[in-house]
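J.: For reference, the file coords35.cif (mmCIF, N, CA and C atoms) is included below:
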data_run
loop_
_atom_site.label_atom_id
_atom_site.label_comp_id
_atom_site.auth_asym_id
_atom_site.auth_seq_id
_atom_site.Cartn_x
_atom_site.Cartn_y
_atom_site.Cartn_z
N MET A 1 171.57 262.13 117.93
CA MET A 1 170.86 262.44 119.16
C MET A 1 171.36 263.75 119.78
N ALA A 2 172.54 264.15 119.42
CA ALA A 2 173.07 265.37 120.01
C ALA A 2 172.20 266.55 119.66
N ASN A 3 172.12 267.50 120.56
CA ASN A 3 171.38 268.74 120.37
C ASN A 3 169.87 268.54 120.26
N VAL A 4 169.36 267.42 120.72
CA VAL A 4 167.92 267.23 120.72
C VAL A 4 167.30 268.23 121.68
N VAL A 5 167.94 268.39 122.82
CA VAL A 5 167.50 269.37 123.81
C VAL A 5 168.58 270.43 123.89
N GLU A 6 168.25 271.65 123.51
CA GLU A 6 169.24 272.73 123.49
C GLU A 6 169.86 272.92 124.87
N GLY A 7 171.16 273.04 124.90
CA GLY A 7 171.87 273.32 126.13
C GLY A 7 172.16 272.09 126.96
N GLU A 8 171.66 270.95 126.57
CA GLU A 8 171.92 269.73 127.33
C GLU A 8 173.12 269.03 126.73
N PRO A 9 174.08 268.60 127.55
CA PRO A 9 175.27 267.95 127.00
C PRO A 9 174.92 266.67 126.26
N ARG A 10 175.68 266.37 125.24
CA ARG A 10 175.44 265.19 124.40
C ARG A 10 175.39 263.92 125.23
N ASP A 11 176.26 263.78 126.20
CA ASP A 11 176.33 262.56 127.00
C ASP A 11 175.01 262.23 127.69
N SER A 12 174.21 263.21 127.97
CA SER A 12 172.96 262.96 128.69
C SER A 12 171.95 262.19 127.85
N GLN A 13 172.18 262.10 126.55
CA GLN A 13 171.24 261.43 125.66
C GLN A 13 171.80 260.14 125.08
N GLU A 14 172.97 259.74 125.51
CA GLU A 14 173.58 258.53 124.99
C GLU A 14 173.27 257.34 125.89
N TRP A 15 173.27 256.16 125.31
CA TRP A 15 173.02 254.93 126.05
C TRP A 15 174.25 254.59 126.87
N HIS A 16 174.07 254.39 128.17
CA HIS A 16 175.19 254.09 129.05
C HIS A 16 175.15 252.66 129.56
N GLY A 17 174.18 251.89 129.12
CA GLY A 17 174.06 250.51 129.57
C GLY A 17 174.74 249.56 128.61
N SER A 18 174.54 248.29 128.85
CA SER A 18 175.05 247.29 127.92
C SER A 18 173.84 246.57 127.33
N TYR A 19 173.99 246.09 126.14
CA TYR A 19 172.88 245.44 125.46
C TYR A 19 172.88 243.96 125.82
N LEU A 20 171.92 243.57 126.60
CA LEU A 20 171.78 242.18 126.98
C LEU A 20 171.04 241.42 125.89
N ASP A 21 171.37 240.15 125.74
CA ASP A 21 170.60 239.33 124.81
C ASP A 21 169.31 238.90 125.52
N GLU A 22 168.48 238.15 124.83
CA GLU A 22 167.17 237.78 125.39
C GLU A 22 167.32 237.01 126.70
N ASP A 23 168.25 236.06 126.75
CA ASP A 23 168.46 235.31 127.99
C ASP A 23 168.91 236.22 129.12
N GLY A 24 169.76 237.18 128.81
CA GLY A 24 170.24 238.12 129.82
C GLY A 24 169.15 239.01 130.36
N ILE A 25 168.26 239.47 129.49
CA ILE A 25 167.14 240.31 129.93
C ILE A 25 166.18 239.50 130.79
N VAL A 26 165.88 238.27 130.37
CA VAL A 26 165.00 237.42 131.16
C VAL A 26 165.61 237.19 132.55
N ALA A 27 166.89 236.89 132.60
CA ALA A 27 167.56 236.65 133.88
C ALA A 27 167.53 237.91 134.76
N ASP A 28 167.76 239.07 134.16
CA ASP A 28 167.75 240.32 134.92
C ASP A 28 166.37 240.62 135.49
N ILE A 29 165.35 240.45 134.66
CA ILE A 29 163.99 240.71 135.13
C ILE A 29 163.59 239.67 136.20
N MET A 30 163.97 238.42 135.99
CA MET A 30 163.68 237.39 136.99
C MET A 30 164.30 237.74 138.33
N LYS A 31 165.53 238.22 138.30
CA LYS A 31 166.22 238.60 139.54
C LYS A 31 165.46 239.72 140.24
N ARG A 32 165.01 240.69 139.49
CA ARG A 32 164.31 241.84 140.06
C ARG A 32 162.92 241.45 140.58
N VAL A 33 162.17 240.72 139.77
CA VAL A 33 160.78 240.40 140.13
C VAL A 33 160.74 239.35 141.23
N SER A 34 161.56 238.31 141.14
CA SER A 34 161.48 237.23 142.11
C SER A 34 161.92 237.66 143.51
N ALA A 35 162.58 238.80 143.62
CA ALA A 35 162.99 239.32 144.92
C ALA A 35 161.82 239.94 145.69
N ASP A 36 160.68 240.11 145.04
CA ASP A 36 159.52 240.77 145.65
C ASP A 36 158.29 239.89 145.46
N ALA A 37 157.81 239.29 146.56
CA ALA A 37 156.67 238.37 146.48
C ALA A 37 155.44 239.03 145.85
N GLU A 38 155.22 240.30 146.15
CA GLU A 38 154.06 241.00 145.58
C GLU A 38 154.23 241.18 144.07
N ALA A 39 155.44 241.45 143.63
CA ALA A 39 155.70 241.59 142.19
C ALA A 39 155.45 240.27 141.48
N VAL A 40 155.84 239.18 142.08
CA VAL A 40 155.59 237.86 141.49
C VAL A 40 154.09 237.65 141.31
N LYS A 41 153.32 237.96 142.34
CA LYS A 41 151.86 237.82 142.25
C LYS A 41 151.30 238.67 141.11
N ARG A 42 151.80 239.89 141.00
CA ARG A 42 151.29 240.78 139.95
C ARG A 42 151.61 240.24 138.57
N TRP A 43 152.84 239.76 138.37
CA TRP A 43 153.23 239.23 137.08
C TRP A 43 152.39 238.03 136.68
N LEU A 44 151.96 237.26 137.65
CA LEU A 44 151.20 236.04 137.36
C LEU A 44 149.69 236.25 137.33
N ASP A 45 149.23 237.42 137.72
CA ASP A 45 147.80 237.71 137.73
C ASP A 45 147.39 238.31 136.38
N PRO A 46 146.49 237.65 135.64
CA PRO A 46 146.06 238.19 134.34
C PRO A 46 145.49 239.61 134.42
N TRP A 47 144.90 239.98 135.55
CA TRP A 47 144.36 241.33 135.69
C TRP A 47 145.46 242.40 135.55
N SER A 48 146.67 242.07 135.92
CA SER A 48 147.77 243.04 135.86
C SER A 48 148.08 243.46 134.43
N TRP A 49 147.73 242.62 133.48
CA TRP A 49 148.11 242.83 132.09
C TRP A 49 147.04 243.49 131.24
N ARG A 50 145.89 243.78 131.81
CA ARG A 50 144.84 244.43 131.01
C ARG A 50 144.19 245.55 131.81
N MET A 51 143.75 246.53 131.07
CA MET A 51 143.10 247.68 131.70
C MET A 51 141.62 247.38 131.89
N PRO A 52 141.10 247.54 133.09
CA PRO A 52 139.71 247.17 133.35
C PRO A 52 138.68 248.03 132.64
N PHE A 53 139.01 249.27 132.31
CA PHE A 53 138.00 250.12 131.67
C PHE A 53 137.68 249.67 130.27
N THR A 54 138.49 248.78 129.70
CA THR A 54 138.20 248.28 128.36
C THR A 54 137.21 247.12 128.41
N LEU A 55 136.85 246.69 129.60
CA LEU A 55 135.99 245.53 129.74
C LEU A 55 134.54 245.88 130.03
N GLY A 56 134.22 247.14 130.13
CA GLY A 56 132.85 247.54 130.43
C GLY A 56 132.66 247.87 131.89
N GLY A 57 131.59 248.59 132.20
CA GLY A 57 131.33 249.07 133.56
C GLY A 57 131.23 247.99 134.61
N ARG A 58 130.52 246.90 134.31
CA ARG A 58 130.35 245.85 135.29
C ARG A 58 131.69 245.22 135.67
N MET A 59 132.50 244.93 134.70
CA MET A 59 133.81 244.31 134.95
C MET A 59 134.73 245.25 135.73
N MET A 60 134.60 246.54 135.50
CA MET A 60 135.45 247.49 136.19
C MET A 60 135.25 247.38 137.71
N SER A 61 134.03 247.15 138.13
CA SER A 61 133.77 247.04 139.56
C SER A 61 134.34 245.74 140.12
N ASP A 62 134.55 244.74 139.27
CA ASP A 62 135.11 243.46 139.71
C ASP A 62 136.64 243.46 139.69
N ALA A 63 137.24 244.45 139.07
CA ALA A 63 138.68 244.48 138.90
C ALA A 63 139.40 244.79 140.21
N PRO A 64 140.51 244.12 140.47
CA PRO A 64 141.30 244.46 141.64
C PRO A 64 141.99 245.80 141.45
N GLU A 65 142.45 246.37 142.53
CA GLU A 65 143.08 247.69 142.48
C GLU A 65 144.30 247.73 141.56
N HIS A 66 145.00 246.63 141.45
CA HIS A 66 146.22 246.60 140.63
C HIS A 66 145.96 246.31 139.15
N ALA A 67 144.71 246.21 138.74
CA ALA A 67 144.39 245.90 137.34
C ALA A 67 145.10 246.89 136.40
N GLY A 68 145.77 246.34 135.41
CA GLY A 68 146.45 247.15 134.42
C GLY A 68 147.83 247.63 134.83
N CYS A 69 148.31 247.24 136.00
CA CYS A 69 149.59 247.78 136.48
C CYS A 69 150.77 247.38 135.60
N LEU A 70 150.65 246.31 134.84
CA LEU A 70 151.73 245.88 133.96
C LEU A 70 151.38 246.06 132.48
N ASN A 71 150.35 246.82 132.22
CA ASN A 71 149.91 247.04 130.86
C ASN A 71 151.02 247.62 129.97
N PHE A 72 151.91 248.39 130.55
CA PHE A 72 152.97 249.02 129.78
C PHE A 72 154.34 248.39 130.04
N ALA A 73 154.36 247.17 130.55
CA ALA A 73 155.62 246.48 130.85
C ALA A 73 156.47 246.28 129.59
N GLY A 74 155.83 245.94 128.48
CA GLY A 74 156.57 245.75 127.24
C GLY A 74 157.31 247.01 126.82
N MET A 75 156.63 248.14 126.91
CA MET A 75 157.26 249.41 126.57
C MET A 75 158.42 249.70 127.53
N ALA A 76 158.21 249.44 128.80
CA ALA A 76 159.25 249.69 129.80
C ALA A 76 160.48 248.82 129.52
N ILE A 77 160.25 247.58 129.14
CA ILE A 77 161.37 246.69 128.81
C ILE A 77 162.11 247.20 127.59
N ARG A 78 161.37 247.58 126.56
CA ARG A 78 162.02 248.09 125.35
C ARG A 78 162.87 249.32 125.64
N ASN A 79 162.36 250.22 126.48
CA ASN A 79 163.10 251.44 126.80
C ASN A 79 164.27 251.17 127.75
N PHE A 80 164.03 250.43 128.82
CA PHE A 80 165.05 250.20 129.83
C PHE A 80 166.25 249.45 129.27
N TYR A 81 166.01 248.48 128.41
CA TYR A 81 167.10 247.67 127.87
C TYR A 81 167.59 248.15 126.51
N GLY A 82 167.11 249.30 126.06
CA GLY A 82 167.59 249.90 124.83
C GLY A 82 167.27 249.09 123.57
N LEU A 83 166.11 248.45 123.55
CA LEU A 83 165.78 247.60 122.41
C LEU A 83 165.54 248.39 121.13
N TRP A 84 165.19 249.67 121.26
CA TRP A 84 164.96 250.49 120.07
C TRP A 84 166.24 251.12 119.54
N HIS A 85 167.33 251.00 120.26
CA HIS A 85 168.57 251.65 119.82
C HIS A 85 169.08 251.00 118.54
N ALA A 86 169.47 251.82 117.60
CA ALA A 86 169.91 251.34 116.29
C ALA A 86 171.15 250.47 116.36
N ASP A 87 171.95 250.63 117.41
CA ASP A 87 173.17 249.83 117.51
C ASP A 87 173.03 248.64 118.46
N ASN A 88 171.81 248.33 118.90
CA ASN A 88 171.60 247.14 119.73
C ASN A 88 171.74 245.92 118.83
N PRO A 89 172.73 245.07 119.09
CA PRO A 89 172.98 243.94 118.19
C PRO A 89 171.89 242.88 118.21
N HIS A 90 171.01 242.90 119.20
CA HIS A 90 169.98 241.88 119.33
C HIS A 90 168.66 242.27 118.65
N THR A 91 168.49 243.55 118.38
CA THR A 91 167.24 244.01 117.78
C THR A 91 167.45 244.86 116.53
N ALA A 92 168.67 245.21 116.23
CA ALA A 92 168.93 246.11 115.11
C ALA A 92 168.81 245.38 113.77
N PHE A 93 168.14 246.01 112.86
CA PHE A 93 168.11 245.55 111.47
C PHE A 93 167.84 246.76 110.60
N GLY A 94 168.33 246.71 109.40
CA GLY A 94 168.18 247.83 108.50
C GLY A 94 167.21 247.52 107.38
N LEU A 95 166.93 248.52 106.59
CA LEU A 95 166.01 248.35 105.48
C LEU A 95 166.55 247.37 104.44
N GLU A 96 167.88 247.23 104.40
CA GLU A 96 168.48 246.31 103.44
C GLU A 96 168.41 244.85 103.91
N ASP A 97 168.10 244.64 105.19
CA ASP A 97 168.00 243.29 105.73
C ASP A 97 166.70 242.62 105.31
N ASP A 98 166.72 241.31 105.31
CA ASP A 98 165.52 240.53 105.01
C ASP A 98 164.68 240.47 106.27
N VAL A 99 163.66 241.30 106.36
CA VAL A 99 162.82 241.41 107.54
C VAL A 99 161.55 240.60 107.32
N GLU A 100 161.21 239.76 108.30
CA GLU A 100 160.02 238.92 108.20
C GLU A 100 158.77 239.77 108.43
N ILE A 101 157.87 239.75 107.46
CA ILE A 101 156.61 240.49 107.53
C ILE A 101 155.49 239.53 107.10
N THR A 102 154.46 239.44 107.92
CA THR A 102 153.32 238.58 107.62
C THR A 102 152.05 239.43 107.60
N ASP A 103 151.35 239.41 106.49
CA ASP A 103 150.12 240.19 106.34
C ASP A 103 150.31 241.66 106.71
N GLY A 104 151.44 242.22 106.33
CA GLY A 104 151.72 243.63 106.57
C GLY A 104 152.19 243.95 107.98
N ILE A 105 152.38 242.94 108.83
CA ILE A 105 152.83 243.14 110.20
C ILE A 105 154.24 242.58 110.33
N VAL A 106 155.13 243.36 110.94
CA VAL A 106 156.50 242.90 111.15
C VAL A 106 156.48 241.82 112.22
N THR A 107 156.76 240.59 111.81
CA THR A 107 156.79 239.46 112.73
C THR A 107 158.21 239.00 113.01
N ASP A 108 159.17 239.75 112.52
CA ASP A 108 160.58 239.42 112.69
C ASP A 108 160.92 239.35 114.18
N ALA A 109 161.63 238.31 114.56
CA ALA A 109 162.00 238.10 115.97
C ALA A 109 162.86 239.23 116.51
N ARG A 110 163.57 239.95 115.63
CA ARG A 110 164.44 241.03 116.08
C ARG A 110 163.69 242.31 116.40
N HIS A 111 162.44 242.42 115.96
CA HIS A 111 161.69 243.66 116.21
C HIS A 111 161.50 243.84 117.71
N PRO A 112 161.77 245.03 118.24
CA PRO A 112 161.68 245.26 119.69
C PRO A 112 160.34 244.88 120.31
N ASP A 113 159.23 245.09 119.61
CA ASP A 113 157.93 244.70 120.16
C ASP A 113 157.85 243.18 120.33
N ASN A 114 158.30 242.45 119.32
CA ASN A 114 158.26 240.99 119.37
C ASN A 114 159.26 240.46 120.41
N PHE A 115 160.42 241.09 120.47
CA PHE A 115 161.46 240.70 121.42
C PHE A 115 160.95 240.86 122.85
N SER A 116 160.37 242.02 123.17
CA SER A 116 159.90 242.25 124.54
C SER A 116 158.71 241.35 124.88
N GLY A 117 157.89 241.03 123.90
CA GLY A 117 156.78 240.11 124.13
C GLY A 117 157.26 238.72 124.51
N ARG A 118 158.31 238.26 123.83
CA ARG A 118 158.88 236.96 124.19
C ARG A 118 159.48 236.99 125.59
N VAL A 119 160.15 238.09 125.91
CA VAL A 119 160.74 238.23 127.25
C VAL A 119 159.65 238.11 128.31
N ILE A 120 158.56 238.83 128.13
CA ILE A 120 157.45 238.79 129.09
C ILE A 120 156.92 237.36 129.22
N ASP A 121 156.69 236.69 128.11
CA ASP A 121 156.18 235.32 128.15
C ASP A 121 157.14 234.40 128.88
N ARG A 122 158.43 234.57 128.62
CA ARG A 122 159.42 233.71 129.27
C ARG A 122 159.51 233.98 130.77
N VAL A 123 159.45 235.25 131.16
CA VAL A 123 159.51 235.59 132.59
C VAL A 123 158.29 235.01 133.30
N LYS A 124 157.12 235.17 132.71
CA LYS A 124 155.90 234.63 133.31
C LYS A 124 156.01 233.10 133.46
N ALA A 125 156.53 232.43 132.46
CA ALA A 125 156.69 230.97 132.52
C ALA A 125 157.67 230.57 133.62
N GLU A 126 158.77 231.30 133.75
CA GLU A 126 159.75 231.00 134.80
C GLU A 126 159.17 231.26 136.18
N LEU A 127 158.43 232.36 136.32
CA LEU A 127 157.81 232.67 137.61
C LEU A 127 156.79 231.62 137.98
N GLN A 128 156.06 231.12 136.99
CA GLN A 128 155.04 230.10 137.24
C GLN A 128 155.66 228.83 137.81
N LYS A 129 156.88 228.52 137.39
CA LYS A 129 157.59 227.35 137.90
C LYS A 129 157.93 227.51 139.38
N LEU A 130 158.10 228.76 139.82
CA LEU A 130 158.48 229.03 141.21
C LEU A 130 157.30 229.06 142.15
N VAL A 131 156.10 229.28 141.61
CA VAL A 131 154.93 229.51 142.44
C VAL A 131 153.84 228.48 142.09
N PRO A 132 153.37 227.74 143.07
CA PRO A 132 152.26 226.82 142.78
C PRO A 132 151.03 227.60 142.32
N ALA A 133 150.25 227.02 141.43
CA ALA A 133 149.09 227.68 140.84
C ALA A 133 148.11 228.17 141.89
N GLU A 134 147.91 227.42 142.97
CA GLU A 134 146.94 227.82 143.99
C GLU A 134 147.42 229.01 144.81
N ALA A 135 148.71 229.34 144.74
CA ALA A 135 149.24 230.48 145.51
C ALA A 135 149.03 231.80 144.81
N VAL A 136 148.65 231.78 143.55
CA VAL A 136 148.50 233.02 142.79
C VAL A 136 147.12 233.59 142.94
#
Show me this structure written as structure tokens.
T.:
Amino acid sequence: MANVVEGEPRDSQEWHGSYLDEDGIVADIMKRVSADAEAVKRWLDPWSWRMPFTLGGRMMSDAPEHAGCLNFAGMAIRNFYGLWHADNPHTAFGLEDDVEITDGIVTDARHPDNFSGRVIDRVKAELQKLVPAEAV
């Protein structure tokens, strides 16, 4: 990673966090999201997870203002928690490892995309326990 950006010190491109396991990431996100009632509503609203322009013109007019606000949450989780880092012990695997692939798609639980997807599902399930269905 050094010298990726000329003139920038090496330290600016190194990971300074700690690698949390799946339970740790879920707990951290729960702490952050549950502290904000509006964030809880957004996480539990299906509109937050999809972009309205993909649903056609009529649906776009029905979409709430926050539609799609969490569309990139998986990417944000992967980046914020360093899931793509080669030395992350929870997601790292090499070409020599036995990686689970189904129909040409990496379905291995260690893959950062799959890992972040599970985190999102778990956070949503935990938030649902805190909020009655009629309140969402």
J.: Could you state which residues are captured by the PyMOL selection byres (((chain A and resi 77-94 and name CA) around 12) and name CA) in this file, as number ranges by chain?
T.: A: 1, 13-26, 28-29, 70-76, 95-100, 106, 108-120, 123
J.: The selected residues should be written to file as a compact mmCIF listing (two decimals), keeping the file's coordinate frame (atoms: N, CA and C atoms).
T.:
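File out.txt, as written:
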# COMPACT_ATOMS: atom_id res chain seq x y z
N MET A 1 171.57 262.13 117.93
CA MET A 1 170.86 262.44 119.16
C MET A 1 171.36 263.75 119.78
N GLN A 13 172.18 262.10 126.55
CA GLN A 13 171.24 261.43 125.66
C GLN A 13 171.80 260.14 125.08
N GLU A 14 172.97 259.74 125.51
CA GLU A 14 173.58 258.53 124.99
C GLU A 14 173.27 257.34 125.89
N TRP A 15 173.27 256.16 125.31
CA TRP A 15 173.02 254.93 126.05
C TRP A 15 174.25 254.59 126.87
N HIS A 16 174.07 254.39 128.17
CA HIS A 16 175.19 254.09 129.05
C HIS A 16 175.15 252.66 129.56
N GLY A 17 174.18 251.89 129.12
CA GLY A 17 174.06 250.51 129.57
C GLY A 17 174.74 249.56 128.61
N SER A 18 174.54 248.29 128.85
CA SER A 18 175.05 247.29 127.92
C SER A 18 173.84 246.57 127.33
N TYR A 19 173.99 246.09 126.14
CA TYR A 19 172.88 245.44 125.46
C TYR A 19 172.88 243.96 125.82
N LEU A 20 171.92 243.57 126.60
CA LEU A 20 171.78 242.18 126.98
C LEU A 20 171.04 241.42 125.89
N ASP A 21 171.37 240.15 125.74
CA ASP A 21 170.60 239.33 124.81
C ASP A 21 169.31 238.90 125.52
N GLU A 22 168.48 238.15 124.83
CA GLU A 22 167.17 237.78 125.39
C GLU A 22 167.32 237.01 126.70
N ASP A 23 168.25 236.06 126.75
CA ASP A 23 168.46 235.31 127.99
C ASP A 23 168.91 236.22 129.12
N GLY A 24 169.76 237.18 128.81
CA GLY A 24 170.24 238.12 129.82
C GLY A 24 169.15 239.01 130.36
N ILE A 25 168.26 239.47 129.49
CA ILE A 25 167.14 240.31 129.93
C ILE A 25 166.18 239.50 130.79
N VAL A 26 165.88 238.27 130.37
CA VAL A 26 165.00 237.42 131.16
C VAL A 26 165.61 237.19 132.55
N ASP A 28 167.76 239.07 134.16
CA ASP A 28 167.75 240.32 134.92
C ASP A 28 166.37 240.62 135.49
N ILE A 29 165.35 240.45 134.66
CA ILE A 29 163.99 240.71 135.13
C ILE A 29 163.59 239.67 136.20
N LEU A 70 150.65 246.31 134.84
CA LEU A 70 151.73 245.88 133.96
C LEU A 70 151.38 246.06 132.48
N ASN A 71 150.35 246.82 132.22
CA ASN A 71 149.91 247.04 130.86
C ASN A 71 151.02 247.62 129.97
N PHE A 72 151.91 248.39 130.55
CA PHE A 72 152.97 249.02 129.78
C PHE A 72 154.34 248.39 130.04
N ALA A 73 154.36 247.17 130.55
CA ALA A 73 155.62 246.48 130.85
C ALA A 73 156.47 246.28 129.59
N GLY A 74 155.83 245.94 128.48
CA GLY A 74 156.57 245.75 127.24
C GLY A 74 157.31 247.01 126.82
N MET A 75 156.63 248.14 126.91
CA MET A 75 157.26 249.41 126.57
C MET A 75 158.42 249.70 127.53
N ALA A 76 158.21 249.44 128.80
CA ALA A 76 159.25 249.69 129.80
C ALA A 76 160.48 248.82 129.52
N LEU A 95 166.93 248.52 106.59
CA LEU A 95 166.01 248.35 105.48
C LEU A 95 166.55 247.37 104.44
N GLU A 96 167.88 247.23 104.40
CA GLU A 96 168.48 246.31 103.44
C GLU A 96 168.41 244.85 103.91
N ASP A 97 168.10 244.64 105.19
CA ASP A 97 168.00 243.29 105.73
C ASP A 97 166.70 242.62 105.31
N ASP A 98 166.72 241.31 105.31
CA ASP A 98 165.52 240.53 105.01
C ASP A 98 164.68 240.47 106.27
N VAL A 99 163.66 241.30 106.36
CA VAL A 99 162.82 241.41 107.54
C VAL A 99 161.55 240.60 107.32
N GLU A 100 161.21 239.76 108.30
CA GLU A 100 160.02 238.92 108.20
C GLU A 100 158.77 239.77 108.43
N VAL A 106 155.13 243.36 110.94
CA VAL A 106 156.50 242.90 111.15
C VAL A 106 156.48 241.82 112.22
N ASP A 108 159.17 239.75 112.52
CA ASP A 108 160.58 239.42 112.69
C ASP A 108 160.92 239.35 114.18
N ALA A 109 161.63 238.31 114.56
CA ALA A 109 162.00 238.10 115.97
C ALA A 109 162.86 239.23 116.51
N ARG A 110 163.57 239.95 115.63
CA ARG A 110 164.44 241.03 116.08
C ARG A 110 163.69 242.31 116.40
N HIS A 111 162.44 242.42 115.96
CA HIS A 111 161.69 243.66 116.21
C HIS A 111 161.50 243.84 117.71
N PRO A 112 161.77 245.03 118.24
CA PRO A 112 161.68 245.26 119.69
C PRO A 112 160.34 244.88 120.31
N ASP A 113 159.23 245.09 119.61
CA ASP A 113 157.93 244.70 120.16
C ASP A 113 157.85 243.18 120.33
N ASN A 114 158.30 242.45 119.32
CA ASN A 114 158.26 240.99 119.37
C ASN A 114 159.26 240.46 120.41
N PHE A 115 160.42 241.09 120.47
CA PHE A 115 161.46 240.70 121.42
C PHE A 115 160.95 240.86 122.85
N SER A 116 160.37 242.02 123.17
CA SER A 116 159.90 242.25 124.54
C SER A 116 158.71 241.35 124.88
N GLY A 117 157.89 241.03 123.90
CA GLY A 117 156.78 240.11 124.13
C GLY A 117 157.26 238.72 124.51
N ARG A 118 158.31 238.26 123.83
CA ARG A 118 158.88 236.96 124.19
C ARG A 118 159.48 236.99 125.59
N VAL A 119 160.15 238.09 125.91
CA VAL A 119 160.74 238.23 127.25
C VAL A 119 159.65 238.11 128.31
N ILE A 120 158.56 238.83 128.13
CA ILE A 120 157.45 238.79 129.09
C ILE A 120 156.92 237.36 129.22
N VAL A 123 159.45 235.25 131.16
CA VAL A 123 159.51 235.59 132.59
C VAL A 123 158.29 235.01 133.30
J.: Quote the spacing between atom C of Trp43 (chain A) and CA of Pro64 (chain A) in Å to one decimal place.
T.: 13.7 Å
J.: What is the distance, in Å and to one decimal place, between CA of Ala39 (chain A) and CA of Asp62 (chain A)?
T.: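 Distance between the two atoms: 20.8 Å.
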J.: For the atom pair CA of His66 (chain A) and CA of Val33 (chain A), what is the interatomic distance in Å to one decimal place?
T.: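 Result for CA of His66 (chain A) versus CA of Val33 (chain A): 15.8 Å, one decimal.
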J.: As a PyMOL selection string, which residues of region 19-96 of chain A does DSSP assign to alpha helix (DSSP H)?
T.: chain A and resi 22-34+37-44+57-62+73-80
J.: Residues picked by the PyMOL selection byres ((chain A and resi 47) around 7) here, as a list in words?
T.: Leu44, Asp45, Pro46, Ser48, Trp49, Arg50, Met51, Pro64, His66, Ala67, Gly68, Cys69 and Leu70 of chain A
J.: So that all listed atoms of region 69-80 of chain A fit with 8 Å spare on each side, what axis-aligned box centre and edge lengths in Å, to one decimal, would you give as lines of an AutoDock Vina configuration file?
T.:
center_x = 157.3
center_y = 248.6
center_z = 130.9
size_x = 33.9
size_y = 21.7
size_z = 27.1
J.: Please rebuild region 122-134 of chain A with N, CA, C and O atoms and return the result as a PDB file, in the coordinates of the input.
T.:
ATOM      1  N   ARG A 122     158.430 234.570 128.620  1.00  0.00           N
ATOM      2  CA  ARG A 122     159.420 233.710 129.270  1.00  0.00           C
ATOM      3  C   ARG A 122     159.510 233.980 130.770  1.00  0.00           C
ATOM      4  O   ARG A 122     159.622 233.044 131.572  1.00  0.00           O
ATOM      5  N   VAL A 123     159.450 235.250 131.160  1.00  0.00           N
ATOM      6  CA  VAL A 123     159.510 235.590 132.590  1.00  0.00           C
ATOM      7  C   VAL A 123     158.290 235.010 133.300  1.00  0.00           C
ATOM      8  O   VAL A 123     158.408 234.403 134.370  1.00  0.00           O
ATOM      9  N   LYS A 124     157.120 235.170 132.710  1.00  0.00           N
ATOM     10  CA  LYS A 124     155.900 234.630 133.310  1.00  0.00           C
ATOM     11  C   LYS A 124     156.010 233.100 133.460  1.00  0.00           C
ATOM     12  O   LYS A 124     155.617 232.540 134.489  1.00  0.00           O
ATOM     13  N   ALA A 125     156.530 232.430 132.460  1.00  0.00           N
ATOM     14  CA  ALA A 125     156.690 230.970 132.520  1.00  0.00           C
ATOM     15  C   ALA A 125     157.670 230.570 133.620  1.00  0.00           C
ATOM     16  O   ALA A 125     157.420 229.602 134.360  1.00  0.00           O
ATOM     17  N   GLU A 126     158.770 231.300 133.750  1.00  0.00           N
ATOM     18  CA  GLU A 126     159.750 231.000 134.800  1.00  0.00           C
ATOM     19  C   GLU A 126     159.170 231.260 136.180  1.00  0.00           C
ATOM     20  O   GLU A 126     159.394 230.489 137.113  1.00  0.00           O
ATOM     21  N   LEU A 127     158.430 232.360 136.320  1.00  0.00           N
ATOM     22  CA  LEU A 127     157.810 232.670 137.610  1.00  0.00           C
ATOM     23  C   LEU A 127     156.790 231.620 137.980  1.00  0.00           C
ATOM     24  O   LEU A 127     156.660 231.235 139.155  1.00  0.00           O
ATOM     25  N   GLN A 128     156.060 231.120 136.990  1.00  0.00           N
ATOM     26  CA  GLN A 128     155.040 230.100 137.240  1.00  0.00           C
ATOM     27  C   GLN A 128     155.660 228.830 137.810  1.00  0.00           C
ATOM     28  O   GLN A 128     155.066 228.157 138.644  1.00  0.00           O
ATOM     29  N   LYS A 129     156.880 228.520 137.390  1.00  0.00           N
ATOM     30  CA  LYS A 129     157.590 227.350 137.900  1.00  0.00           C
ATOM     31  C   LYS A 129     157.930 227.510 139.380  1.00  0.00           C
ATOM     32  O   LYS A 129     158.048 226.518 140.093  1.00  0.00           O
ATOM     33  N   LEU A 130     158.100 228.760 139.820  1.00  0.00           N
ATOM     34  CA  LEU A 130     158.480 229.030 141.210  1.00  0.00           C
ATOM     35  C   LEU A 130     157.300 229.060 142.150  1.00  0.00           C
ATOM     36  O   LEU A 130     157.469 228.920 143.365  1.00  0.00           O
ATOM     37  N   VAL A 131     156.100 229.280 141.610  1.00  0.00           N
ATOM     38  CA  VAL A 131     154.930 229.510 142.440  1.00  0.00           C
ATOM     39  C   VAL A 131     153.840 228.480 142.090  1.00  0.00           C
ATOM     40  O   VAL A 131     153.425 228.405 140.931  1.00  0.00           O
ATOM     41  N   PRO A 132     153.370 227.740 143.070  1.00  0.00           N
ATOM     42  CA  PRO A 132     152.260 226.820 142.780  1.00  0.00           C
ATOM     43  C   PRO A 132     151.030 227.600 142.320  1.00  0.00           C
ATOM     44  O   PRO A 132     150.784 228.715 142.774  1.00  0.00           O
ATOM     45  N   ALA A 133     150.250 227.020 141.430  1.00  0.00           N
ATOM     46  CA  ALA A 133     149.090 227.680 140.840  1.00  0.00           C
ATOM     47  C   ALA A 133     148.110 228.170 141.890  1.00  0.00           C
ATOM     48  O   ALA A 133     147.545 229.250 141.771  1.00  0.00           O
ATOM     49  N   GLU A 134     147.910 227.420 142.970  1.00  0.00           N
ATOM     50  CA  GLU A 134     146.940 227.820 143.990  1.00  0.00           C
ATOM     51  C   GLU A 134     147.420 229.010 144.810  1.00  0.00           C
ATOM     52  O   GLU A 134     146.631 229.656 145.496  1.00  0.00           O
TER      53      GLU A 134
END
